$ cat protein_27.cif   # mmCIF, C-alpha atoms
data_coords
#
loop_
_atom_site.label_atom_id
_atom_site.label_comp_id
_atom_site.auth_asym_id
_atom_site.auth_seq_id
_atom_site.Cartn_x
_atom_site.Cartn_y
_atom_site.Cartn_z
CA MET A 1 1.14 -3.37 3.77
CA LYS A 2 -0.98 -2.68 6.74
CA ASN A 3 -4.37 -4.29 7.00
CA ILE A 4 -6.13 -2.88 3.95
CA LEU A 5 -9.11 -5.11 4.31
CA LEU A 6 -10.70 -5.11 7.76
CA LEU A 7 -10.13 -2.33 10.25
CA ILE A 8 -9.67 -3.59 13.76
CA LEU A 9 -12.56 -2.67 16.04
CA GLY A 10 -10.08 -1.83 18.74
CA LEU A 11 -9.34 1.37 16.85
CA LEU A 12 -12.76 2.77 17.56
CA PRO A 13 -12.10 4.06 21.09
CA GLY A 14 -8.75 5.46 20.03
CA ALA A 15 -10.24 7.27 17.07
CA GLN A 16 -11.59 9.91 19.43
CA ALA A 17 -8.01 10.86 20.22
CA ILE A 18 -7.43 12.13 16.71
CA GLY A 19 -6.95 15.87 16.78
CA GLN A 20 -7.08 16.22 20.56
CA GLU A 21 -3.38 16.86 21.08
CA PRO A 22 -0.82 17.95 18.47
CA GLU A 23 1.54 15.17 17.49
CA PHE A 24 4.19 17.64 16.30
CA GLN A 25 4.93 21.31 16.80
CA VAL A 26 2.43 23.44 14.88
CA TYR A 27 3.65 26.83 13.65
CA ASP A 28 1.73 30.09 13.36
CA ASN A 29 0.43 29.10 9.92
CA GLY A 30 -1.38 26.13 11.49
CA LEU A 31 0.93 23.63 9.76
CA ILE A 32 3.83 21.47 10.91
CA TYR A 33 6.19 23.38 8.59
CA THR A 34 7.15 27.03 9.02
CA GLU A 35 5.80 29.77 6.81
CA GLN A 36 9.28 30.20 5.35
CA ALA A 37 9.54 26.48 4.56
CA MET A 38 6.12 26.49 2.86
CA ARG A 39 7.11 29.54 0.83
CA LYS A 40 10.27 27.82 -0.38
CA LEU A 41 8.38 24.67 -1.24
CA GLY A 42 5.87 26.75 -3.17
CA HIS A 43 8.65 28.07 -5.41
CA VAL A 44 9.78 24.51 -6.12
CA VAL A 45 6.23 23.37 -6.86
CA ASP A 46 5.79 26.17 -9.38
CA SER A 47 8.77 24.86 -11.33
CA LEU A 48 7.63 21.24 -10.95
CA ASN A 49 4.23 22.03 -12.41
CA LEU A 50 6.01 23.34 -15.50
CA LYS A 51 8.14 20.22 -15.58
CA TYR A 52 5.04 18.07 -15.35
CA LYS A 53 3.90 19.37 -18.72
CA THR A 54 6.93 17.65 -20.29
CA CYS A 55 6.62 14.40 -18.32
CA ASP A 56 5.94 11.16 -20.16
CA LEU A 57 2.22 10.75 -19.57
CA ASN A 58 1.83 8.10 -22.25
CA LYS A 59 3.71 5.32 -20.52
CA VAL A 60 1.81 2.04 -20.54
CA PHE A 61 1.51 0.42 -17.12
CA LEU A 62 0.50 -3.22 -16.99
CA THR A 63 -1.73 -4.58 -14.26
CA PRO A 64 -0.35 -7.32 -12.01
CA GLN A 65 -0.83 -10.81 -13.44
CA GLN A 66 -3.97 -12.31 -11.93
CA ALA A 67 -6.21 -15.33 -12.28
CA ILE A 68 -9.24 -16.95 -10.69
CA GLY A 69 -8.61 -20.22 -8.92
CA HIS A 70 -9.59 -22.46 -6.03
CA ILE A 71 -7.71 -23.18 -2.82
CA VAL A 72 -7.84 -26.85 -1.85
CA HIS A 73 -7.07 -27.98 1.72
CA LEU A 74 -6.49 -31.58 2.72
CA GLU A 75 -5.82 -32.31 6.39
CA LYS A 76 -6.79 -35.97 6.72
CA GLY A 77 -6.26 -39.13 4.74
CA LYS A 78 -3.53 -40.06 2.30
CA ILE A 79 -1.72 -36.70 2.24
CA LYS A 80 1.49 -37.92 0.60
CA GLU A 81 -0.43 -39.73 -2.12
CA ALA A 82 -2.53 -36.61 -2.74
CA ARG A 83 0.66 -34.61 -3.05
CA GLN A 84 1.93 -36.93 -5.76
CA ASP A 85 -1.38 -36.65 -7.60
CA ILE A 86 -1.07 -32.87 -7.52
CA LYS A 87 2.48 -33.08 -8.83
CA ARG A 88 1.14 -35.20 -11.68
CA GLN A 89 -1.45 -32.43 -12.32
CA MET A 90 -4.50 -34.64 -11.71
CA PRO A 91 -7.71 -32.92 -12.91
CA LEU A 92 -9.55 -31.18 -10.07
CA ASP A 93 -12.76 -33.23 -10.41
CA SER A 94 -10.80 -36.46 -10.23
CA PHE A 95 -8.86 -35.19 -7.21
CA LEU A 96 -12.01 -34.25 -5.29
CA THR A 97 -13.61 -37.58 -6.11
CA LYS A 98 -10.55 -39.46 -4.84
CA TYR A 99 -10.16 -37.24 -1.76
CA PRO A 100 -13.70 -36.38 -0.61
CA LYS A 101 -12.42 -34.90 2.67
CA ALA A 102 -10.73 -32.06 0.79
CA ARG A 103 -12.09 -28.61 1.57
CA VAL A 104 -12.33 -26.03 -1.23
CA ASP A 105 -12.34 -22.23 -1.11
CA SER A 106 -13.77 -21.54 -4.55
CA HIS A 107 -13.23 -18.66 -6.95
CA VAL A 108 -10.46 -16.71 -5.26
CA LEU A 109 -8.26 -14.06 -6.84
CA VAL A 110 -4.59 -15.02 -7.14
CA ILE A 111 -1.79 -12.61 -8.00
CA ARG A 112 1.42 -13.77 -9.66
CA ASP A 113 4.27 -11.43 -8.75
CA ALA A 114 7.22 -10.83 -11.06
CA PRO A 115 10.51 -12.55 -10.14
CA GLU A 116 11.93 -10.90 -7.04
CA LEU A 117 15.49 -11.04 -5.73
CA ASN A 118 15.67 -12.20 -2.12
CA ALA A 119 18.80 -13.36 -0.30
CA GLY A 120 20.67 -13.51 -3.60
CA LYS A 121 18.08 -15.69 -5.36
CA TYR A 122 15.13 -14.91 -7.60
CA SER A 123 11.71 -16.30 -6.79
CA VAL A 124 8.13 -16.01 -8.04
CA HIS A 125 5.19 -15.60 -5.66
CA TYR A 126 1.64 -16.85 -6.17
CA ARG A 127 -0.52 -15.20 -3.53
CA HIS A 128 -4.19 -15.26 -2.65
CA PHE A 129 -5.76 -11.81 -2.37
CA ASP A 130 -7.71 -12.67 0.74
CA LEU A 131 -10.79 -10.47 1.07
CA LYS A 132 -11.11 -11.11 4.80
CA SER A 133 -7.58 -10.83 6.17
CA ASP A 134 -3.95 -10.14 5.35
CA TYR A 135 -3.02 -13.78 5.75
CA GLY A 136 -3.94 -15.31 2.42
CA PHE A 137 -2.31 -18.51 1.20
CA PHE A 138 0.81 -18.13 -0.94
CA VAL A 139 3.33 -20.31 -2.75
CA THR A 140 6.88 -19.26 -3.56
CA THR A 141 8.94 -21.00 -6.21
CA ALA A 142 12.54 -20.60 -7.38
CA ASP A 143 11.48 -21.66 -10.88
CA THR A 144 11.27 -18.22 -12.48
CA SER A 145 10.03 -19.72 -15.76
CA LEU A 146 6.68 -20.18 -14.02
CA PHE A 147 6.13 -16.43 -14.24
CA TYR A 148 5.55 -16.96 -17.97
CA ALA A 149 3.90 -20.39 -17.84
CA ASP A 150 0.30 -21.11 -18.82
CA MET A 151 -1.24 -22.23 -15.50
CA ALA A 152 -4.81 -22.98 -16.64
CA GLN A 153 -5.99 -26.24 -15.00
CA LYS A 154 -2.66 -26.49 -13.16
CA TRP A 155 -1.74 -26.86 -9.48
CA MET A 156 0.71 -25.12 -7.14
CA HIS A 157 0.96 -26.53 -3.64
CA LYS A 158 2.52 -26.45 -0.17
CA TYR A 159 3.10 -29.60 1.86
CA TYR A 160 3.27 -29.39 5.65
CA GLU A 161 5.00 -32.18 7.51
CA LYS A 162 3.67 -33.47 10.83
CA GLY A 163 5.09 -31.39 13.68
CA TYR A 164 4.94 -31.41 17.43
CA TYR A 165 1.88 -29.13 17.45
CA SER A 166 0.46 -29.80 13.98
CA ASN A 167 -0.64 -32.66 11.75
CA GLU A 168 0.52 -33.41 8.23
CA SER A 169 -1.48 -31.39 5.68
CA LEU A 170 -1.57 -30.08 2.14
CA THR A 171 -2.84 -26.80 0.70
CA ALA A 172 -2.83 -25.99 -3.00
CA PHE A 173 -3.95 -23.55 -5.65
CA TYR A 174 -5.87 -24.92 -8.61
CA PHE A 175 -6.10 -22.32 -11.36
CA ILE A 176 -9.28 -22.20 -13.41
CA GLU A 177 -7.70 -19.96 -16.02
CA ASN A 178 -4.32 -18.70 -17.08
CA PHE A 179 -2.88 -15.54 -15.54
CA LYS A 180 -3.46 -12.38 -17.47
CA ALA A 181 -2.43 -8.75 -17.37
CA LYS A 182 -3.64 -5.80 -19.37
CA PRO A 183 -2.79 -2.12 -19.71
CA ILE A 184 -4.08 0.15 -16.99
CA PRO A 185 -6.50 2.63 -18.66
CA ALA A 186 -4.79 5.83 -19.77
CA LYS A 187 -6.70 8.09 -17.35
CA TYR A 188 -5.29 6.12 -14.41
CA ALA A 189 -1.86 5.76 -16.00
CA ARG A 190 -1.70 9.57 -16.03
CA MET A 191 -2.28 9.59 -12.27
CA ILE A 192 0.59 7.13 -11.83
CA GLY A 193 2.73 9.27 -14.12
CA TYR A 194 1.94 12.33 -12.05
CA THR A 195 3.14 10.63 -8.88
CA ASP A 196 6.39 9.66 -10.61
CA CYS A 197 6.86 13.26 -11.75
CA LEU A 198 6.35 14.75 -8.31
CA ILE A 199 7.92 11.95 -6.26
CA ASP A 200 11.43 11.79 -7.69
CA THR A 201 12.00 8.09 -8.41
CA THR A 202 15.78 8.55 -8.32
CA ALA A 203 15.78 9.95 -4.78
CA GLN A 204 16.36 8.17 -1.47
CA ILE A 205 15.81 9.76 1.92
CA PHE A 206 18.67 7.99 3.67
CA HIS A 207 22.29 7.54 2.72
CA LYS A 208 23.54 3.97 2.33
CA SER A 209 25.72 4.52 5.40
CA ALA A 210 22.70 5.43 7.59
CA ASP A 211 22.66 3.71 10.97
CA ASN A 212 20.29 3.50 13.92
CA ALA A 213 20.90 6.51 16.19
CA TRP A 214 19.09 9.65 17.35
CA ALA A 215 19.55 13.37 16.97
CA ASP A 216 17.10 16.19 17.63
CA LEU A 217 16.82 19.60 16.02
CA PRO A 218 18.88 22.19 17.91
CA GLU A 219 16.63 24.73 19.63
CA ASN A 220 18.17 27.57 17.62
CA TRP A 221 18.10 25.77 14.25
CA GLN A 222 15.99 28.51 12.64
CA THR A 223 18.90 30.95 13.08
CA PHE A 224 21.19 28.69 11.03
CA SER A 225 22.37 29.75 7.60
CA ASP A 226 21.16 27.78 4.58
CA GLN A 227 24.53 26.04 4.42
CA GLU A 228 24.30 25.03 8.09
CA LYS A 229 20.77 23.72 7.59
CA ALA A 230 21.97 21.73 4.57
CA ARG A 231 24.77 20.16 6.62
CA LEU A 232 22.32 19.35 9.41
CA LEU A 233 19.98 17.70 6.89
CA ASP A 234 22.85 15.63 5.53
CA SER A 235 23.71 14.42 9.03
CA PHE A 236 20.05 13.51 9.67
CA ARG A 237 20.00 11.46 6.46
CA ASN A 238 22.75 9.34 7.98
CA ILE A 239 20.39 8.35 10.82
CA ARG A 240 17.68 5.73 10.33
CA ILE A 241 15.36 5.25 13.31
CA TYR A 242 13.88 1.87 14.16
CA GLY A 243 10.95 2.10 16.57
CA THR A 244 11.31 -0.01 19.70
CA CYS A 245 7.57 -0.26 20.34
CA SER A 246 4.18 1.15 19.37
CA MET A 247 4.61 4.24 21.53
CA ASP A 248 8.10 5.10 20.26
CA THR A 249 7.49 8.36 18.39
CA ARG A 250 11.09 8.83 17.23
CA PRO A 251 10.66 7.42 13.69
CA ARG A 252 7.93 9.95 12.91
CA ASP A 253 9.71 12.78 14.76
CA HIS A 254 12.84 12.12 12.73
CA ALA A 255 10.88 12.12 9.47
CA VAL A 256 9.32 15.50 10.34
CA ASN A 257 12.77 16.93 11.11
CA ILE A 258 14.08 15.70 7.76
CA ALA A 259 11.05 17.06 5.92
CA LEU A 260 11.36 20.43 7.63
CA LEU A 261 15.06 20.78 6.85
CA SER A 262 14.48 19.57 3.28
CA ALA A 263 11.84 22.24 2.80
CA GLU A 264 14.12 24.94 4.23
CA THR A 265 16.91 23.92 1.84
CA TYR A 266 14.83 23.41 -1.33
CA HIS A 267 15.26 19.61 -1.37
CA TRP A 268 11.79 18.79 -2.68
CA GLU A 269 12.73 15.23 -3.59
CA ILE A 270 13.62 14.47 0.04
CA PHE A 271 10.78 16.52 1.51
CA LEU A 272 7.99 14.80 -0.40
CA ARG A 273 9.16 11.26 0.34
CA ALA A 274 9.62 12.09 4.02
CA HIS A 275 6.18 13.72 4.24
CA LEU A 276 4.51 10.82 2.41
CA ASN A 277 6.17 8.42 4.83
CA ILE A 278 4.54 10.39 7.64
CA LEU A 279 1.16 10.33 5.88
CA ASN A 280 1.48 6.58 5.18
CA ASP A 281 3.08 5.87 8.58
CA ARG A 282 5.84 3.98 6.75
CA PHE A 283 8.33 3.22 9.50
CA GLU A 284 10.02 0.14 10.86
CA ARG A 285 9.04 -0.86 14.38
CA ALA A 286 9.78 -3.87 16.54
CA SER A 287 6.05 -4.03 17.33
CA ASP A 288 3.02 -1.94 16.51
CA GLY A 289 -0.26 -2.27 18.40
CA SER A 290 -3.47 -0.89 16.93
CA TYR A 291 -4.06 1.24 20.04
CA ALA A 292 -1.26 3.57 18.87
CA TRP A 293 -2.52 4.14 15.33
CA ALA A 294 -5.18 6.75 16.07
CA GLY A 295 -2.72 9.35 17.35
CA ARG A 296 -0.64 9.27 14.17
CA GLN A 297 -2.18 11.89 11.96
CA THR A 298 -1.77 12.20 8.18
CA TYR A 299 -1.09 15.93 7.52
CA ILE A 300 -2.73 16.07 4.11
CA ARG A 301 -3.39 19.78 4.68
CA GLU A 302 0.31 20.52 4.32
CA LEU A 303 0.26 19.03 0.80
CA GLU A 304 -2.94 20.81 -0.18
CA ALA A 305 -1.47 24.13 0.95
CA LEU A 306 1.22 23.69 -1.72
CA HIS A 307 -1.40 23.69 -4.50
CA ILE A 308 -0.31 20.42 -6.07
CA ASN A 309 -2.80 17.94 -7.49
CA VAL A 310 -3.18 16.00 -4.26
CA PRO A 311 -5.99 13.71 -5.53
CA ASP A 312 -3.92 12.45 -8.47
CA LEU A 313 -0.78 12.28 -6.32
CA LEU A 314 -2.34 10.10 -3.62
CA LEU A 315 -4.62 7.99 -5.81
CA GLY A 316 -1.69 7.42 -8.17
CA THR A 317 0.20 5.77 -5.32
CA CYS A 318 -2.67 3.33 -4.72
CA PHE A 319 -2.65 1.57 -8.08
CA ARG A 320 -0.61 -1.63 -8.33
CA MET A 321 1.23 -2.63 -11.50
CA GLN A 322 3.82 -5.13 -12.67
CA ASN A 323 6.10 -2.62 -14.42
CA PRO A 324 6.44 0.40 -12.09
CA ALA A 325 9.27 2.88 -12.36
CA ASP A 326 12.23 1.96 -10.21
CA ASN A 327 11.65 3.28 -6.70
CA HIS A 328 7.99 4.08 -7.42
CA TYR A 329 6.19 5.17 -4.25
CA TYR A 330 3.29 2.96 -3.17
CA GLY A 331 0.72 4.32 -0.75
CA SER A 332 -0.96 2.45 2.10
CA ILE A 333 -4.64 1.93 1.27
CA ASP A 334 -5.64 2.34 4.91
CA ARG A 335 -3.63 5.49 5.59
CA VAL A 336 -4.54 7.19 2.30
CA ALA A 337 -8.20 6.53 3.09
CA ARG A 338 -7.80 8.19 6.46
CA ALA A 339 -5.99 11.16 4.91
CA LEU A 340 -8.78 11.67 2.39
CA THR A 341 -11.33 12.15 5.17
CA GLU A 342 -9.33 15.26 6.10
CA SER A 343 -9.06 16.59 2.54
CA ALA A 344 -10.69 19.85 1.52
CA ASN A 345 -11.81 18.08 -1.68
CA ARG A 346 -12.91 14.79 -0.17
CA ASP A 347 -16.32 14.61 -1.88
CA GLU A 348 -14.81 15.11 -5.32
CA ILE A 349 -12.04 12.61 -4.59
CA MET A 350 -14.44 9.95 -3.35
CA ASP A 351 -16.51 10.36 -6.50
CA SER A 352 -13.32 9.48 -8.38
CA VAL A 353 -12.74 6.48 -6.14
CA TYR A 354 -16.32 5.30 -6.76
CA ALA A 355 -15.76 5.61 -10.51
CA ILE A 356 -12.57 3.53 -10.25
CA ILE A 357 -14.34 0.74 -8.33
CA THR A 358 -17.13 0.54 -10.89
CA ASP A 359 -14.90 0.79 -13.97
CA THR A 360 -15.06 -2.63 -15.63
CA GLU A 361 -12.17 -1.67 -17.95
CA LEU A 362 -9.86 -1.80 -14.92
CA ASP A 363 -8.55 -5.11 -13.58
CA ASP A 364 -10.19 -6.82 -10.61
CA TYR A 365 -7.20 -6.45 -8.29
CA ASN A 366 -7.03 -2.66 -8.53
CA ARG A 367 -10.80 -2.31 -8.35
CA LEU A 368 -10.81 -4.30 -5.12
CA LEU A 369 -7.99 -2.21 -3.67
CA PHE A 370 -10.03 0.93 -4.27
CA TYR A 371 -13.10 -0.78 -2.82
CA PHE A 372 -11.15 -1.24 0.41
CA LEU A 373 -9.92 2.34 0.22
CA TYR A 374 -13.56 3.49 0.09
CA ARG A 375 -14.53 1.14 2.90
CA ASN A 376 -11.72 2.38 5.14
CA TYR A 377 -12.65 5.98 4.27
CA THR A 378 -16.21 5.26 5.41
CA PHE A 379 -14.90 3.82 8.66
CA TYR A 380 -12.83 6.94 9.39
CA GLU A 381 -15.62 9.40 8.53
CA GLU A 382 -16.67 10.98 11.84
CA ASN A 383 -20.00 12.46 10.74
CA GLU A 384 -22.59 9.71 11.17
CA THR A 385 -24.94 11.05 8.50
CA VAL A 386 -22.15 11.38 5.94
CA ARG A 387 -20.85 7.94 6.92
CA GLU A 388 -24.25 6.40 6.19
CA ILE A 389 -24.35 8.10 2.78
CA HIS A 390 -20.94 6.68 1.88
CA ALA A 391 -21.86 3.25 3.23
CA ALA A 392 -24.87 3.20 0.89
CA LYS A 393 -22.71 4.25 -2.07
CA LEU A 394 -20.21 1.56 -1.18
CA GLN A 395 -22.94 -1.08 -1.30
CA GLN A 396 -23.97 0.22 -4.70
CA ALA A 397 -20.37 0.06 -5.94
CA LYS A 398 -20.05 -3.49 -4.61
CA LYS A 399 -22.82 -4.62 -6.98
CA SER A 400 -20.56 -3.83 -9.95
CA LEU A 401 -17.92 -6.35 -8.82
CA PRO A 402 -17.90 -9.99 -10.00
CA GLU A 403 -20.23 -12.22 -8.00
CA TRP A 404 -17.49 -14.44 -6.53
CA TYR A 405 -15.88 -11.43 -4.81
CA ARG A 406 -19.10 -9.96 -3.47
CA LYS A 407 -19.76 -12.86 -1.13
CA GLY A 408 -16.38 -12.33 0.50
CA LEU A 409 -16.73 -8.58 1.08
#
$ encode --input "protein_27.cif" --output "structure tokens"
Amino acid sequence: MKNILLLILGLLPGAQAIGQEPEFQVYDNGLIYTEQAMRKLGHVVDSLNLKYKTCDLNKVFLTPQQAIGHIVHLEKGKIKEARQDIKRQMPLDSFLTKYPKARVDSHVLVIRDAPELNAGKYSVHYRHFDLKSDYGFFVTTADTSLFYADMAQKWMHKYYEKGYYSNESLTAFYFIENFKAKPIPAKYARMIGYTDCLIDTTAQIFHKSADNAWADLPENWQTFSDQEKARLLDSFRNIRIYGTCSMDTRPRDHAVNIALLSAETYHWEIFLRAHLNILNDRFERASDGSYAWAGRQTYIRELEALHINVPDLLLGTCFRMQNPADNHYYGSIDRVARALTESANRDEIMDSVYAIITDTELDDYNRLLFYFLYRNYTFYEENETVREIHAAKLQQAKKSLPEWYRKGL
């Protein structure tokens, strides 16, 4: 996930570039898809809206497992002995008395992720939701039984051996309480369900055989028959572009070409994923400097022109849960925030975001994610007066959060 917490100040000069020069070809309708493509998509949307009425909107989604804990750092003294004490689950007070040089980050939010398969092995991740950066402390364990274990007054640690450039050290979680999860309130579960109805969870943009290559749309592609366009789309789905640097536009260009051909050939399931990848800037690159971000626009207008429920679609991708549908689409908090500043219904949507932040029935993790969505939205707002209004509302929303988070925001 891109930096959802603090927006880099270096973006500020580049933000002026937004909207100055078209990133992609814009057609006579003012959109990056032809009038014919939008018409075809509209027909599909009409049928999808009927389908939505029969979707399972009563599915229960569980929040990620989360707990409040402390992070304990020890960089001097008897590190190995301290490690053994942690392994023996020494009480925290006793540990701090014995090792007075230990430094404590108190009352942090820790997420326990469900067992995940990586390199042929399952592992469980305990990760700090750092409110100031994307580099929070984490511990990974191959003991999958720990996903179900009661961790109240327990430790999880990492030991760092002395290296050429670093000293021996120890960092550990100490959990004040056990991890807990609860159902996401039904009104938000319906948003998630709506995203799963519109974003086909069985679809993949690329074929398994896709390889790194490049192909551009032929200049006369609009004269192709539907069958020829379908074959061209299939060939494009066999190409996966990896960006070589921040200024390599090919990944986004390729996604637009796939979305355009998908629209022309009634492949909604491919179109929507490709377009959302453009909106979320979800592409693999060898490097990606912040100076290039401003020129990558979100194209929310194209979705709104299709008369789908864009607020529920986008906000539904921003919730995090431990039991999503397979291939559920997750949105980038930063990019969705930027897209919402361009929405025709942005005031109404941000009222909904404010309500989510201040909803004490929702778990802390999701409330904080939406807090950062609102904060990023405020950053991207170009009108200074409106930005000040939202900044004031954000401060008001912040007061509803638990005290131990407020000091870190």
$ resolve_selection --input "protein_27.cif" --expression "the PyMOL selection byres ((chain A and resi 380-394) around 12)" --output "PyMOL selection string"
chain A and resi 7-9+11-12+14-16+18-19+294+334-343+346-347+350-351+353-355+357-358+368+370-379+395-401+406+409
$ write_last_selection --input "protein_27.cif" --atoms "C-alpha atoms" --output "mmCIF file, in the frame of the given file"
data_model
loop_
_atom_site.group_PDB
_atom_site.id
_atom_site.type_symbol
_atom_site.label_atom_id
_atom_site.label_comp_id
_atom_site.auth_asym_id
_atom_site.auth_seq_id
_atom_site.Cartn_x
_atom_site.Cartn_y
_atom_site.Cartn_z
ATOM 1 C CA LEU A 7 -10.130 -2.330 10.250
ATOM 2 C CA ILE A 8 -9.670 -3.590 13.760
ATOM 3 C CA LEU A 9 -12.560 -2.670 16.040
ATOM 4 C CA LEU A 11 -9.340 1.370 16.850
ATOM 5 C CA LEU A 12 -12.760 2.770 17.560
ATOM 6 C CA GLY A 14 -8.750 5.460 20.030
ATOM 7 C CA ALA A 15 -10.240 7.270 17.070
ATOM 8 C CA GLN A 16 -11.590 9.910 19.430
ATOM 9 C CA ILE A 18 -7.430 12.130 16.710
ATOM 10 C CA GLY A 19 -6.950 15.870 16.780
ATOM 11 C CA ALA A 294 -5.180 6.750 16.070
ATOM 12 C CA ASP A 334 -5.640 2.340 4.910
ATOM 13 C CA ARG A 335 -3.630 5.490 5.590
ATOM 14 C CA VAL A 336 -4.540 7.190 2.300
ATOM 15 C CA ALA A 337 -8.200 6.530 3.090
ATOM 16 C CA ARG A 338 -7.800 8.190 6.460
ATOM 17 C CA ALA A 339 -5.990 11.160 4.910
ATOM 18 C CA LEU A 340 -8.780 11.670 2.390
ATOM 19 C CA THR A 341 -11.330 12.150 5.170
ATOM 20 C CA GLU A 342 -9.330 15.260 6.100
ATOM 21 C CA SER A 343 -9.060 16.590 2.540
ATOM 22 C CA ARG A 346 -12.910 14.790 -0.170
ATOM 23 C CA ASP A 347 -16.320 14.610 -1.880
ATOM 24 C CA MET A 350 -14.440 9.950 -3.350
ATOM 25 C CA ASP A 351 -16.510 10.360 -6.500
ATOM 26 C CA VAL A 353 -12.740 6.480 -6.140
ATOM 27 C CA TYR A 354 -16.320 5.300 -6.760
ATOM 28 C CA ALA A 355 -15.760 5.610 -10.510
ATOM 29 C CA ILE A 357 -14.340 0.740 -8.330
ATOM 30 C CA THR A 358 -17.130 0.540 -10.890
ATOM 31 C CA LEU A 368 -10.810 -4.300 -5.120
ATOM 32 C CA PHE A 370 -10.030 0.930 -4.270
ATOM 33 C CA TYR A 371 -13.100 -0.780 -2.820
ATOM 34 C CA PHE A 372 -11.150 -1.240 0.410
ATOM 35 C CA LEU A 373 -9.920 2.340 0.220
ATOM 36 C CA TYR A 374 -13.560 3.490 0.090
ATOM 37 C CA ARG A 375 -14.530 1.140 2.900
ATOM 38 C CA ASN A 376 -11.720 2.380 5.140
ATOM 39 C CA TYR A 377 -12.650 5.980 4.270
ATOM 40 C CA THR A 378 -16.210 5.260 5.410
ATOM 41 C CA PHE A 379 -14.900 3.820 8.660
ATOM 42 C CA GLN A 395 -22.940 -1.080 -1.300
ATOM 43 C CA GLN A 396 -23.970 0.220 -4.700
ATOM 44 C CA ALA A 397 -20.370 0.060 -5.940
ATOM 45 C CA LYS A 398 -20.050 -3.490 -4.610
ATOM 46 C CA LYS A 399 -22.820 -4.620 -6.980
ATOM 47 C CA SER A 400 -20.560 -3.830 -9.950
ATOM 48 C CA LEU A 401 -17.920 -6.350 -8.820
ATOM 49 C CA ARG A 406 -19.100 -9.960 -3.470
ATOM 50 C CA LEU A 409 -16.730 -8.580 1.080
#
$ residues_near_point --input "protein_27.cif" --point "(1.4, 6.5, -13.1)" --cutoff "12 Å" --atoms "all atoms listed in the file" --output "count of residues only"
44
$ residues_around --input "protein_27.cif" --residues "Trp404 in chain A" --least-positions-apart "3" --cutoff "9 Å" --atoms "only C-alpha atoms" --output "short mmCIF file (atom, residue, chain, number, x, y, z; two decimals) with C-alpha atoms, in the frame of the given file"
data_model
loop_
_atom_site.label_atom_id
_atom_site.label_comp_id
_atom_site.auth_asym_id
_atom_site.auth_seq_id
_atom_site.Cartn_x
_atom_site.Cartn_y
_atom_site.Cartn_z
CA SER A 106 -13.77 -21.54 -4.55
CA HIS A 107 -13.23 -18.66 -6.95
CA VAL A 108 -10.46 -16.71 -5.26
CA LEU A 401 -17.92 -6.35 -8.82
CA LYS A 407 -19.76 -12.86 -1.13
CA GLY A 408 -16.38 -12.33 0.50
#
$ residues_near_point --input "protein_27.cif" --point "(20.9, 13.5, 20.4)" --cutoff "12 Å" --atoms "only C-alpha atoms" --output "CSV table (one decimal) with C-alpha atoms, in the coordinates of the input"
chain,number,residue,atom,x,y,z
A,212,ASN,CA,20.3,3.5,13.9
A,213,ALA,CA,20.9,6.5,16.2
A,214,TRP,CA,19.1,9.6,17.4
A,215,ALA,CA,19.6,13.4,17.0
A,216,ASP,CA,17.1,16.2,17.6
A,217,LEU,CA,16.8,19.6,16.0
A,218,PRO,CA,18.9,22.2,17.9
A,235,SER,CA,23.7,14.4,9.0
A,236,PHE,CA,20.0,13.5,9.7
A,239,ILE,CA,20.4,8.4,10.8
A,250,ARG,CA,11.1,8.8,17.2
A,254,HIS,CA,12.8,12.1,12.7
$ resolve_selection --input "protein_27.cif" --expression "the PyMOL selection byres ((chain A and resi 280) around 9)" --output "list in words"
His275, Leu276, Asn277, Ile278, Leu279, Asp281, Arg282, Phe283, Thr298, Gly331, Ser332, Ile333, Asp334, Arg335, Val336 and Ala339 of chain A
$ resolve_selection --input "protein_27.cif" --expression "the PyMOL selection byres ((chain A and resi 307) around 12)" --output "list in words"
Met38, Arg39, Leu41, Gly42, His43, Val44, Val45, Asp46, Leu48, Asn49, Ile300, Arg301, Glu302, Leu303, Glu304, Ala305, Leu306, Ile308, Asn309, Val310, Pro311, Leu313 and Ala344 of chain A
$ atom_distance --input "protein_27.cif" --atom1 "CA of Ser287 in chain A" --atom2 "CA of Ala210 in chain A"
21.5 Å
$ axis_aligned_box --input "protein_27.cif" --around "range 213-219 of chain A" --padding-each-side "6 Å" --output "AutoDock Vina command-line options"
--center_x 18.8 --center_y 15.6 --center_z 17.8 --size_x 16.3 --size_y 30.2 --size_z 15.6
$ decode --input "protein_27.cif" --residues "range 85-90 of chain A" --atoms "N, CA and C atoms" --output "mmCIF file, in the first residue's frame"
data_model
loop_
_atom_site.group_PDB
_atom_site.id
_atom_site.type_symbol
_atom_site.label_atom_id
_atom_site.label_comp_id
_atom_site.auth_asym_id
_atom_site.auth_seq_id
_atom_site.Cartn_x
_atom_site.Cartn_y
_atom_site.Cartn_z
ATOM 1 N N ASP A 85 14.416 -13.857 28.842
ATOM 2 C CA ASP A 85 13.323 -13.460 29.738
ATOM 3 C C ASP A 85 12.026 -13.269 28.965
ATOM 4 N N ILE A 86 12.133 -12.718 27.769
ATOM 5 C CA ILE A 86 10.941 -12.551 26.930
ATOM 6 C C ILE A 86 10.399 -13.910 26.520
ATOM 7 N N LYS A 87 11.276 -14.812 26.146
ATOM 8 C CA LYS A 87 10.831 -16.160 25.779
ATOM 9 C C LYS A 87 10.124 -16.849 26.941
ATOM 10 N N ARG A 88 10.557 -16.532 28.161
ATOM 11 C CA ARG A 88 9.910 -17.107 29.345
ATOM 12 C C ARG A 88 8.653 -16.332 29.737
ATOM 13 N N GLN A 89 8.302 -15.298 28.929
ATOM 14 C CA GLN A 89 7.102 -14.487 29.150
ATOM 15 C C GLN A 89 7.141 -13.776 30.506
ATOM 16 N N MET A 90 8.288 -13.156 30.804
ATOM 17 C CA MET A 90 8.410 -12.355 32.031
ATOM 18 C C MET A 90 7.383 -11.220 32.001
#
